[in-house]
Amino acid sequence: MDPHDLLKPWGRTLLLWAVSSLLIIPFAFFPLVTSVQNHVLDSFYAFRGVQPPPPPQLLLVGIDEPSFQELRLSWPWPRSLHARLVKRLSEAGARLIVFDILFTEPSNPENDAVFAGAIKDAGNVVLAETYDYTNDPNFTRLIKVTPIKAFSEAARETALAMITPDSDGVVRHFQLRLEGERTLAAAAAADVGAAGISTEISGLIHFAGPARSIDTLSYYQIIDEDREPPAERIRDRIVLVGRTLQASTSPAGQSDFFPTPFYSSTGALTSGVEIHANIIQNLLTGNWGKELPRSVLLVACCAFFFLLALLFVHISPLSGLAALLVTWASLLGVSYALFLFRDLWAPPVLCIGGSGFLYAFNVLLQYFREAGRKRWYRNTFGRYVSPSVVRTIAENPDGLELGGQEVQATVFFSDIADFTNFAEHLPPKTLVGFLNEYFTPMTRIILEHQGLLDKFIGDAIMASWGVPLPVEQHARLACLSALKMQEALAALREDWRNRNLPFLKARMGLHSGMVVAGNIGSQERFNYTVMGDAVNLASRLETANKIYGTAIIISEDTLRLAGPGLLVRELDWIRVKGRRKHVTIYQLLGPRETGNLTFLEVFAEGLAAYRTRSWERAEQLFGSIARDDPPARMYAHRCRLYRENPPPEDWDGVFVQTVK
């Protein structure tokens, strides 16, 4: 079965959607996801920052460090001071006075009476109450803790001053009713006539900003007998009195400070009284944060996953990754815009996590689908084409048609010198073993240097670089491969010498140029190979080694593409059979300049003399190094022949190679 038939787009879309929904949606109920969503929400609060101007209807009177320093009294302060505070706030025109302080125990009777009288005279004081929870392995007890009777009867009303942090301890949400009782914020908003306030309301607190974002006066500034309180900051405002001193005001007490969404960015806790003030402001303006219901969020996620799955199955993994990143940015942007402009918290975490999982699952499906497709091609074609060609077919099955494409490549031919005479004296089994010993390291070197082993032709090897896939520096890799093969052959010769086998040499030719690479053959059987003039020239250069007594000959095109760092010498200008244009050929000697290279300078000088028809001078130069240099011996012999029988006047120095 062709794996192309597996998992058609619609089937893969439904599979991705179903798996993503079934695995991701339950995570909405995991504490870890809730924690991540809370962190994202906190970052949104931090990005939004302070919401100017400060709430104009609110004023905090803080029991703070400056007040302790001015009054020089320990807590609890005499209630006569609270009475003075209420009187002064009332005289300055405070609209409502809310105490975020518990007065649950009687103190000095005279002071209590003065305070109760001040509360009654003001007529607009709201006092705090709370619940005392006792959790025991055997029972749970809930006790309501209220102000003493004299204060409760004098106050407009009492209400719960309890703060309800989220599970991670951060205060983000508010409720207007706890344990069946109204909260301070609900009572204050109702007392000043806020319309449409139901105690069933709950939601996200729309904070005016981090700690100290609401206008605040120190307690001592109000009761200071030497100066009048700033009436312009008190008149017609709801005044909340509470602790703004972060340390506890009593040895056994707890600090009335809480982390809010701004805590992670500022490191500053917010006082409970300021949190109550923020909630009151939300109720007065009708501007608090709403949350997208979880059921709506889950339905939206499912619809979103389907659309994303439909997109992913029609694009590549790389394009999918780009789309995923854009999707993440868009989800965060839309979520933040809803939070900033509509006070709606639509958590993006589930959609972001689900889309990431969906993308990864799609890539995994594509991987297995692609692996199955390639395995099918390997099983189908691997019996009669080389592994490298199979890989190319698997990557590009459309390339299976006959013909090919024109590409630049470096073609390599090698042949064992005098192999025919050698093979005549060996039994067939020994000969096959000998060839296997030779071909094995040669093949390994070609493949290690990113070459394509085209074919074995008897004792000859044909290989190419730059096909079937483009290879950078294909000419250089081919040259280095040829040098490595000569080194490997030298090691083989040592072993063969110990086994009394003949001393053999390999001749190699390389040329770089345009070739036609592809599947060549019939409709029934074909082979991946290269064809063209460049292939023919590489074959002729391998044969040319016989003329010059060399091991590796490369063309000027190969040398140019191979770049610097190779040790070569120019050998000749030759015109091979079947070609009208001559080519400059070079002997490849090594990867870099090493040892005594004086003979190369002498050779180059002799070649220059040869091309200017200075036969005697050239013969003398070549003869001085001919003993150890086969090309010099060849040129010395050629110079003697030309000296005796000079070439015609139109001789251009090009040697015509008449044999293949």
# chains A, B, ... in the order shown; residues from 1 in each chain; ligands from 1

$ residues_around --residues "Val40 (chain A)" --least-positions-apart "5" --cutoff "10 Å" --atoms "only C-alpha atoms" --output "ChimeraX atom specification"
/A:34-35,45-46,261,332,336,347-349

$ select_by_dssp --residues "region 326-550 of chain A" --states "alpha helix (DSSP H)" --output "number ranges by chain"
A: 326-342, 349-381, 387-395, 419-423, 428-448, 474-498, 533-548

$ residues_around --residues "region 554-569 of chain A" --least-positions-apart "4" --cutoff "8 Å" --atoms "only C-alpha atoms" --output "list of chain:residue names"
A:Thr410, A:Gln473, A:His474, A:Ala475, A:Arg476, A:Leu477, A:Cys479, A:Gly509, A:Leu510, A:His511, A:Ser512, A:Gly513, A:Leu541, A:Val583, A:Thr584, A:Ile585, A:Tyr586, A:Gln587, A:Leu588, A:Leu589, A:Gly590, A:Pro591, A:Arg592, A:Glu593, A:Leu600, A:Ala604

$ write_last_selection --atoms "N, CA and C atoms" --output "tab-separated table (two decimals), in the first residue's frame"
chain	number	residue	atom	x	y	z
A	410	THR	N	31.29	17.32	-10.07
A	410	THR	CA	32.66	16.86	-10.32
A	410	THR	C	32.60	15.36	-10.53
A	473	GLN	N	31.35	22.90	-2.33
A	473	GLN	CA	32.76	22.54	-2.54
A	473	GLN	C	32.89	21.12	-3.06
A	474	HIS	N	32.04	20.76	-4.01
A	474	HIS	CA	32.08	19.40	-4.53
A	474	HIS	C	33.43	19.09	-5.18
A	475	ALA	N	34.05	20.07	-5.82
A	475	ALA	CA	35.35	19.83	-6.47
A	475	ALA	C	36.42	19.56	-5.42
A	476	ARG	N	36.41	20.33	-4.36
A	476	ARG	CA	37.41	20.14	-3.30
A	476	ARG	C	37.23	18.78	-2.62
A	477	LEU	N	36.00	18.42	-2.34
A	477	LEU	CA	35.75	17.13	-1.72
A	477	LEU	C	36.20	15.99	-2.62
A	479	CYS	N	38.65	16.11	-4.86
A	479	CYS	CA	40.12	16.08	-4.85
A	479	CYS	C	40.65	15.45	-3.57
A	509	GLY	N	41.20	10.39	-12.67
A	509	GLY	CA	40.94	11.62	-13.41
A	509	GLY	C	39.70	12.32	-12.89
A	510	LEU	N	39.76	13.65	-12.79
A	510	LEU	CA	38.64	14.43	-12.27
A	510	LEU	C	38.39	15.65	-13.14
A	511	HIS	N	37.12	15.91	-13.39
A	511	HIS	CA	36.75	17.12	-14.13
A	511	HIS	C	35.42	17.63	-13.58
A	512	SER	N	35.28	18.96	-13.51
A	512	SER	CA	34.06	19.60	-13.02
A	512	SER	C	33.38	20.33	-14.15
A	513	GLY	N	32.09	20.16	-14.25
A	513	GLY	CA	31.33	20.83	-15.29
A	513	GLY	C	29.87	20.49	-15.20
A	541	LEU	N	40.79	12.08	-18.84
A	541	LEU	CA	41.87	12.51	-17.95
A	541	LEU	C	42.42	11.33	-17.15
A	583	VAL	N	42.18	21.72	-23.10
A	583	VAL	CA	41.99	21.94	-21.67
A	583	VAL	C	43.35	21.90	-20.99
A	584	THR	N	43.51	22.76	-19.99
A	584	THR	CA	44.73	22.74	-19.19
A	584	THR	C	44.56	21.70	-18.09
A	585	ILE	N	45.56	20.82	-17.97
A	585	ILE	CA	45.45	19.76	-16.97
A	585	ILE	C	46.54	19.94	-15.92
A	586	TYR	N	46.26	19.43	-14.73
A	586	TYR	CA	47.17	19.57	-13.59
A	586	TYR	C	47.33	18.23	-12.90
A	587	GLN	N	48.51	18.03	-12.34
A	587	GLN	CA	48.73	16.86	-11.50
A	587	GLN	C	48.42	17.26	-10.06
A	588	LEU	N	47.55	16.49	-9.42
A	588	LEU	CA	47.22	16.72	-8.01
A	588	LEU	C	48.22	15.94	-7.16
A	589	LEU	N	48.99	16.69	-6.35
A	589	LEU	CA	50.08	16.07	-5.59
A	589	LEU	C	49.74	15.87	-4.11
A	590	GLY	N	48.99	16.75	-3.52
A	590	GLY	CA	48.71	16.62	-2.09
A	590	GLY	C	47.78	17.71	-1.61
A	591	PRO	N	47.39	17.67	-0.34
A	591	PRO	CA	46.48	18.67	0.21
A	591	PRO	C	47.13	20.00	0.51
A	592	ARG	N	48.48	20.04	0.62
A	592	ARG	CA	49.16	21.29	0.92
A	592	ARG	C	50.64	21.14	0.55
A	593	GLU	N	51.35	22.26	0.57
A	593	GLU	CA	52.76	22.23	0.19
A	593	GLU	C	53.61	21.65	1.33
A	600	LEU	N	59.44	21.27	-8.70
A	600	LEU	CA	58.28	21.85	-9.34
A	600	LEU	C	58.63	23.16	-10.04
A	604	ALA	N	58.25	23.81	-13.99
A	604	ALA	CA	57.51	24.94	-14.54
A	604	ALA	C	58.36	25.74	-15.51

$ residues_around --residues "region 57-67 of chain A" --least-positions-apart "2" --cutoff "9 Å" --atoms "only C-alpha atoms" --output "PyMOL selection string"
chain A and resi 54-55+69-72+214-222+233-234+236-246+273-274+277-278+280-281+284

$ write_last_selection --atoms "N, CA, C and O atoms" --output "compact mmCIF listing (two decimals), in the first residue's frame"
# COMPACT_ATOMS: atom_id res chain seq x y z
N PRO A 54 -6.15 58.59 40.27
CA PRO A 54 -6.55 57.81 41.45
C PRO A 54 -8.05 57.96 41.67
O PRO A 54 -8.65 58.98 41.34
N PRO A 55 -8.69 56.91 42.23
CA PRO A 55 -10.14 56.99 42.45
C PRO A 55 -10.52 58.25 43.23
O PRO A 55 -10.09 58.43 44.38
N GLN A 69 5.18 57.19 65.16
CA GLN A 69 6.27 58.06 65.61
C GLN A 69 5.72 59.35 66.22
O GLN A 69 6.25 59.86 67.22
N GLU A 70 4.64 59.90 65.65
CA GLU A 70 4.08 61.15 66.16
C GLU A 70 3.33 60.94 67.48
O GLU A 70 3.45 61.72 68.41
N LEU A 71 2.55 59.87 67.56
CA LEU A 71 1.74 59.65 68.74
C LEU A 71 2.53 59.02 69.89
O LEU A 71 2.15 59.17 71.07
N ARG A 72 3.58 58.30 69.55
CA ARG A 72 4.43 57.63 70.56
C ARG A 72 3.59 56.76 71.51
O ARG A 72 3.75 56.79 72.72
N ILE A 214 -3.96 54.56 45.83
CA ILE A 214 -5.13 55.33 46.26
C ILE A 214 -4.68 56.42 47.24
O ILE A 214 -3.80 56.20 48.07
N ASP A 215 -5.28 57.58 47.11
CA ASP A 215 -4.93 58.73 47.94
C ASP A 215 -4.97 58.35 49.42
O ASP A 215 -5.96 57.76 49.91
N THR A 216 -3.91 58.68 50.16
CA THR A 216 -3.77 58.25 51.55
C THR A 216 -3.28 59.41 52.41
O THR A 216 -2.38 60.16 52.01
N LEU A 217 -3.90 59.53 53.61
CA LEU A 217 -3.41 60.44 54.65
C LEU A 217 -3.02 59.62 55.87
O LEU A 217 -3.63 58.58 56.15
N SER A 218 -2.01 60.09 56.59
CA SER A 218 -1.64 59.42 57.83
C SER A 218 -2.66 59.74 58.92
O SER A 218 -3.24 60.84 58.98
N TYR A 219 -2.87 58.78 59.77
CA TYR A 219 -3.81 58.92 60.88
C TYR A 219 -3.53 60.18 61.68
O TYR A 219 -4.46 60.95 62.01
N TYR A 220 -2.26 60.43 61.98
CA TYR A 220 -1.93 61.58 62.83
C TYR A 220 -2.27 62.91 62.17
O TYR A 220 -2.52 63.91 62.84
N GLN A 221 -2.29 62.94 60.82
CA GLN A 221 -2.60 64.19 60.12
C GLN A 221 -4.05 64.62 60.34
O GLN A 221 -4.37 65.81 60.25
N ILE A 222 -4.92 63.66 60.62
CA ILE A 222 -6.33 63.99 60.83
C ILE A 222 -6.57 64.47 62.26
O ILE A 222 -7.33 65.43 62.50
N ARG A 233 -9.53 67.16 50.73
CA ARG A 233 -9.23 65.77 50.41
C ARG A 233 -10.18 64.81 51.12
O ARG A 233 -10.09 63.59 50.92
N ILE A 234 -11.06 65.34 51.96
CA ILE A 234 -11.97 64.49 52.74
C ILE A 234 -13.41 64.65 52.28
O ILE A 234 -14.17 63.68 52.23
N ASP A 236 -16.95 64.72 50.86
CA ASP A 236 -17.73 63.88 49.94
C ASP A 236 -17.01 62.60 49.54
O ASP A 236 -17.36 61.97 48.53
N ARG A 237 -16.03 62.20 50.33
CA ARG A 237 -15.32 60.96 50.01
C ARG A 237 -15.66 59.85 51.01
O ARG A 237 -16.00 60.13 52.16
N ILE A 238 -15.54 58.62 50.52
CA ILE A 238 -15.61 57.46 51.41
C ILE A 238 -14.23 57.30 52.02
O ILE A 238 -13.24 57.10 51.31
N VAL A 239 -14.14 57.39 53.33
CA VAL A 239 -12.86 57.33 54.02
C VAL A 239 -12.73 55.96 54.69
O VAL A 239 -13.60 55.58 55.50
N LEU A 240 -11.71 55.23 54.35
CA LEU A 240 -11.45 53.93 54.95
C LEU A 240 -10.26 54.06 55.89
O LEU A 240 -9.21 54.59 55.49
N VAL A 241 -10.43 53.59 57.11
CA VAL A 241 -9.39 53.67 58.12
C VAL A 241 -8.86 52.26 58.37
O VAL A 241 -9.65 51.33 58.64
N GLY A 242 -7.56 52.09 58.26
CA GLY A 242 -6.99 50.77 58.49
C GLY A 242 -5.49 50.82 58.57
O GLY A 242 -4.86 51.87 58.38
N ARG A 243 -4.91 49.67 58.82
CA ARG A 243 -3.46 49.59 58.98
C ARG A 243 -2.77 49.62 57.62
O ARG A 243 -3.07 48.81 56.74
N THR A 244 -1.86 50.53 57.47
CA THR A 244 -0.98 50.56 56.30
C THR A 244 0.47 50.36 56.72
O THR A 244 1.39 50.61 55.95
N LEU A 245 0.64 49.94 57.97
CA LEU A 245 1.96 49.59 58.49
C LEU A 245 2.14 48.10 58.28
O LEU A 245 1.37 47.29 58.79
N GLN A 246 3.16 47.71 57.47
CA GLN A 246 3.26 46.32 57.07
C GLN A 246 3.55 45.40 58.24
O GLN A 246 3.11 44.27 58.28
N VAL A 273 -6.93 47.26 53.81
CA VAL A 273 -7.84 48.39 53.67
C VAL A 273 -7.80 48.95 52.25
O VAL A 273 -8.83 49.39 51.71
N GLU A 274 -6.64 48.93 51.61
CA GLU A 274 -6.57 49.41 50.23
C GLU A 274 -7.25 48.44 49.27
O GLU A 274 -7.84 48.85 48.27
N ALA A 277 -10.81 49.23 49.46
CA ALA A 277 -11.06 50.47 48.72
C ALA A 277 -11.16 50.21 47.23
O ALA A 277 -12.01 50.78 46.54
N ASN A 278 -10.30 49.34 46.70
CA ASN A 278 -10.36 49.01 45.27
C ASN A 278 -11.68 48.34 44.92
O ASN A 278 -12.28 48.63 43.87
N ILE A 280 -14.56 48.69 46.51
CA ILE A 280 -15.61 49.73 46.57
C ILE A 280 -15.61 50.56 45.29
O ILE A 280 -16.66 50.86 44.71
N GLN A 281 -14.42 50.95 44.83
CA GLN A 281 -14.32 51.73 43.60
C GLN A 281 -14.91 50.96 42.42
O GLN A 281 -15.61 51.53 41.58
N LEU A 284 -18.69 51.15 42.67
CA LEU A 284 -19.23 52.48 42.39
C LEU A 284 -19.22 52.79 40.90
O LEU A 284 -20.13 53.47 40.39

$ select_by_dssp --residues "region 337-503 of chain A" --states "strand (DSSP E)" --output "list in words"
Leu344, Trp345, Gly403, Gly404, Gln405, Glu406, Val407, Gln408, Ala409, Thr410, Val411, Phe412, Phe413, Ser414, Asp415, Ile416, Gly451, Leu452, Leu453, Asp454, Lys455, Phe456, Ile457, Ala460, Ile461, Met462, Ala463, Ser464 and Trp465 of chain A

$ write_last_selection --atoms "N, CA, C and O atoms" --output "compact mmCIF listing (two decimals), in the first residue's frame"
# COMPACT_ATOMS: atom_id res chain seq x y z
N LEU A 344 -12.35 41.90 30.54
CA LEU A 344 -12.75 40.50 30.41
C LEU A 344 -11.50 39.62 30.42
O LEU A 344 -10.59 39.81 29.61
N TRP A 345 -11.47 38.68 31.34
CA TRP A 345 -10.34 37.76 31.44
C TRP A 345 -10.69 36.47 30.70
O TRP A 345 -11.49 35.66 31.15
N GLY A 403 14.98 10.59 -17.62
CA GLY A 403 15.62 11.87 -17.85
C GLY A 403 16.20 12.41 -16.57
O GLY A 403 16.38 11.69 -15.60
N GLY A 404 16.54 13.67 -16.57
CA GLY A 404 17.13 14.25 -15.37
C GLY A 404 17.24 15.75 -15.51
O GLY A 404 16.59 16.36 -16.36
N GLN A 405 18.08 16.32 -14.68
CA GLN A 405 18.26 17.76 -14.70
C GLN A 405 19.74 18.09 -14.83
O GLN A 405 20.61 17.31 -14.44
N GLU A 406 20.00 19.27 -15.39
CA GLU A 406 21.38 19.69 -15.61
C GLU A 406 21.90 20.37 -14.34
O GLU A 406 21.30 21.33 -13.85
N VAL A 407 23.01 19.88 -13.82
CA VAL A 407 23.60 20.42 -12.60
C VAL A 407 25.11 20.47 -12.78
O VAL A 407 25.69 19.79 -13.63
N GLN A 408 25.75 21.28 -11.93
CA GLN A 408 27.21 21.29 -11.91
C GLN A 408 27.71 20.23 -10.94
O GLN A 408 27.23 20.14 -9.82
N ALA A 409 28.68 19.44 -11.38
CA ALA A 409 29.19 18.35 -10.56
C ALA A 409 30.65 18.11 -10.90
O ALA A 409 31.18 18.62 -11.89
N THR A 410 31.29 17.32 -10.07
CA THR A 410 32.66 16.86 -10.32
C THR A 410 32.60 15.36 -10.53
O THR A 410 32.08 14.63 -9.68
N VAL A 411 33.13 14.92 -11.67
CA VAL A 411 33.08 13.50 -12.04
C VAL A 411 34.46 12.89 -11.85
O VAL A 411 35.49 13.51 -12.16
N PHE A 412 34.46 11.66 -11.34
CA PHE A 412 35.70 10.97 -10.99
C PHE A 412 35.72 9.60 -11.68
O PHE A 412 34.73 8.87 -11.66
N PHE A 413 36.88 9.28 -12.28
CA PHE A 413 37.13 7.95 -12.80
C PHE A 413 38.45 7.45 -12.25
O PHE A 413 39.41 8.22 -12.12
N SER A 414 38.51 6.15 -11.94
CA SER A 414 39.78 5.54 -11.55
C SER A 414 39.89 4.17 -12.20
O SER A 414 38.87 3.53 -12.52
N ASP A 415 41.13 3.73 -12.37
CA ASP A 415 41.38 2.45 -13.02
C ASP A 415 42.69 1.90 -12.46
O ASP A 415 43.61 2.67 -12.14
N ILE A 416 42.76 0.59 -12.31
CA ILE A 416 44.00 -0.05 -11.83
C ILE A 416 44.92 -0.27 -13.02
O ILE A 416 44.53 -0.90 -14.02
N GLY A 451 30.36 11.83 -1.66
CA GLY A 451 30.28 11.49 -3.07
C GLY A 451 29.21 10.46 -3.35
O GLY A 451 28.69 9.80 -2.45
N LEU A 452 28.85 10.32 -4.61
CA LEU A 452 27.90 9.32 -5.07
C LEU A 452 28.67 8.27 -5.85
O LEU A 452 29.28 8.57 -6.88
N LEU A 453 28.65 7.05 -5.34
CA LEU A 453 29.27 5.95 -6.07
C LEU A 453 28.35 5.57 -7.20
O LEU A 453 27.26 5.03 -6.98
N ASP A 454 28.79 5.85 -8.41
CA ASP A 454 27.93 5.63 -9.57
C ASP A 454 27.91 4.16 -9.97
O ASP A 454 26.86 3.53 -10.05
N LYS A 455 29.10 3.61 -10.20
CA LYS A 455 29.15 2.21 -10.64
C LYS A 455 30.58 1.68 -10.59
O LYS A 455 31.56 2.46 -10.54
N PHE A 456 30.70 0.35 -10.60
CA PHE A 456 31.97 -0.34 -10.81
C PHE A 456 31.96 -0.88 -12.24
O PHE A 456 30.97 -1.47 -12.69
N ILE A 457 33.05 -0.67 -12.95
CA ILE A 457 33.17 -1.18 -14.31
C ILE A 457 34.44 -2.03 -14.34
O ILE A 457 35.55 -1.53 -14.55
N ALA A 460 37.41 -0.61 -12.61
CA ALA A 460 37.28 0.85 -12.62
C ALA A 460 36.16 1.30 -11.68
O ALA A 460 35.22 0.55 -11.40
N ILE A 461 36.29 2.53 -11.22
CA ILE A 461 35.28 3.14 -10.35
C ILE A 461 34.85 4.45 -10.99
O ILE A 461 35.68 5.26 -11.44
N MET A 462 33.54 4.70 -11.00
CA MET A 462 33.00 5.98 -11.43
C MET A 462 32.21 6.56 -10.25
O MET A 462 31.40 5.88 -9.63
N ALA A 463 32.49 7.82 -9.95
CA ALA A 463 31.80 8.49 -8.85
C ALA A 463 31.56 9.94 -9.22
O ALA A 463 32.18 10.47 -10.16
N SER A 464 30.66 10.58 -8.49
CA SER A 464 30.33 11.98 -8.75
C SER A 464 30.13 12.71 -7.43
O SER A 464 29.71 12.11 -6.43
N TRP A 465 30.41 13.99 -7.45
CA TRP A 465 30.14 14.88 -6.31
C TRP A 465 29.23 16.01 -6.79
O TRP A 465 29.47 16.58 -7.85

$ residues_around --residues "Met634 (chain A)" --least-positions-apart "5" --cutoff "12 Å" --atoms "only C-alpha atoms" --output "PyMOL selection string"
chain A and resi 545-550+571-572+603+607+618-619+622-623+625-629+639-641

$ closest_residue --among "A:Pro631, A:Pro427, A:Pro26, A:Gly354" --to "Phe304 (chain A)" --atoms "only C-alpha atoms"
A:Gly354

$ residues_around --residues "Leu321 (chain A)" --least-positions-apart "2" --cutoff "12 Å" --atoms "only C-alpha atoms" --output "PyMOL selection string"
chain A and resi 308+311-312+315-319+323-328+355-360+362-363

$ closest_residue --among "A:Pro56, A:Pro147, A:Gly11, A:Gly353" --to "Leu23 (chain A)" --atoms "only C-alpha atoms"
A:Gly353

$ atom_distance --atom1 "CA of Leu469 (chain A)" --atom2 "CA of Gly518 (chain A)"
10.9 Å

$ residues_around --residues "Val656 (chain A)" --least-positions-apart "4" --cutoff "12 Å" --atoms "only C-alpha atoms" --output "VMD selection string"
chain A and resid 540 544 547 572 to 583 651 to 652 660

$ closest_residue --among "A:Arg613, A:Lys505, A:Arg79, A:Arg141" --to "Arg493 (chain A)" --atoms "only C-alpha atoms"
A:Lys505

$ closest_residue --among "A:Ile352, A:Arg172, A:Gly209, A:Asp256" --to "Leu41 (chain A)" --atoms "only C-alpha atoms"
A:Arg172
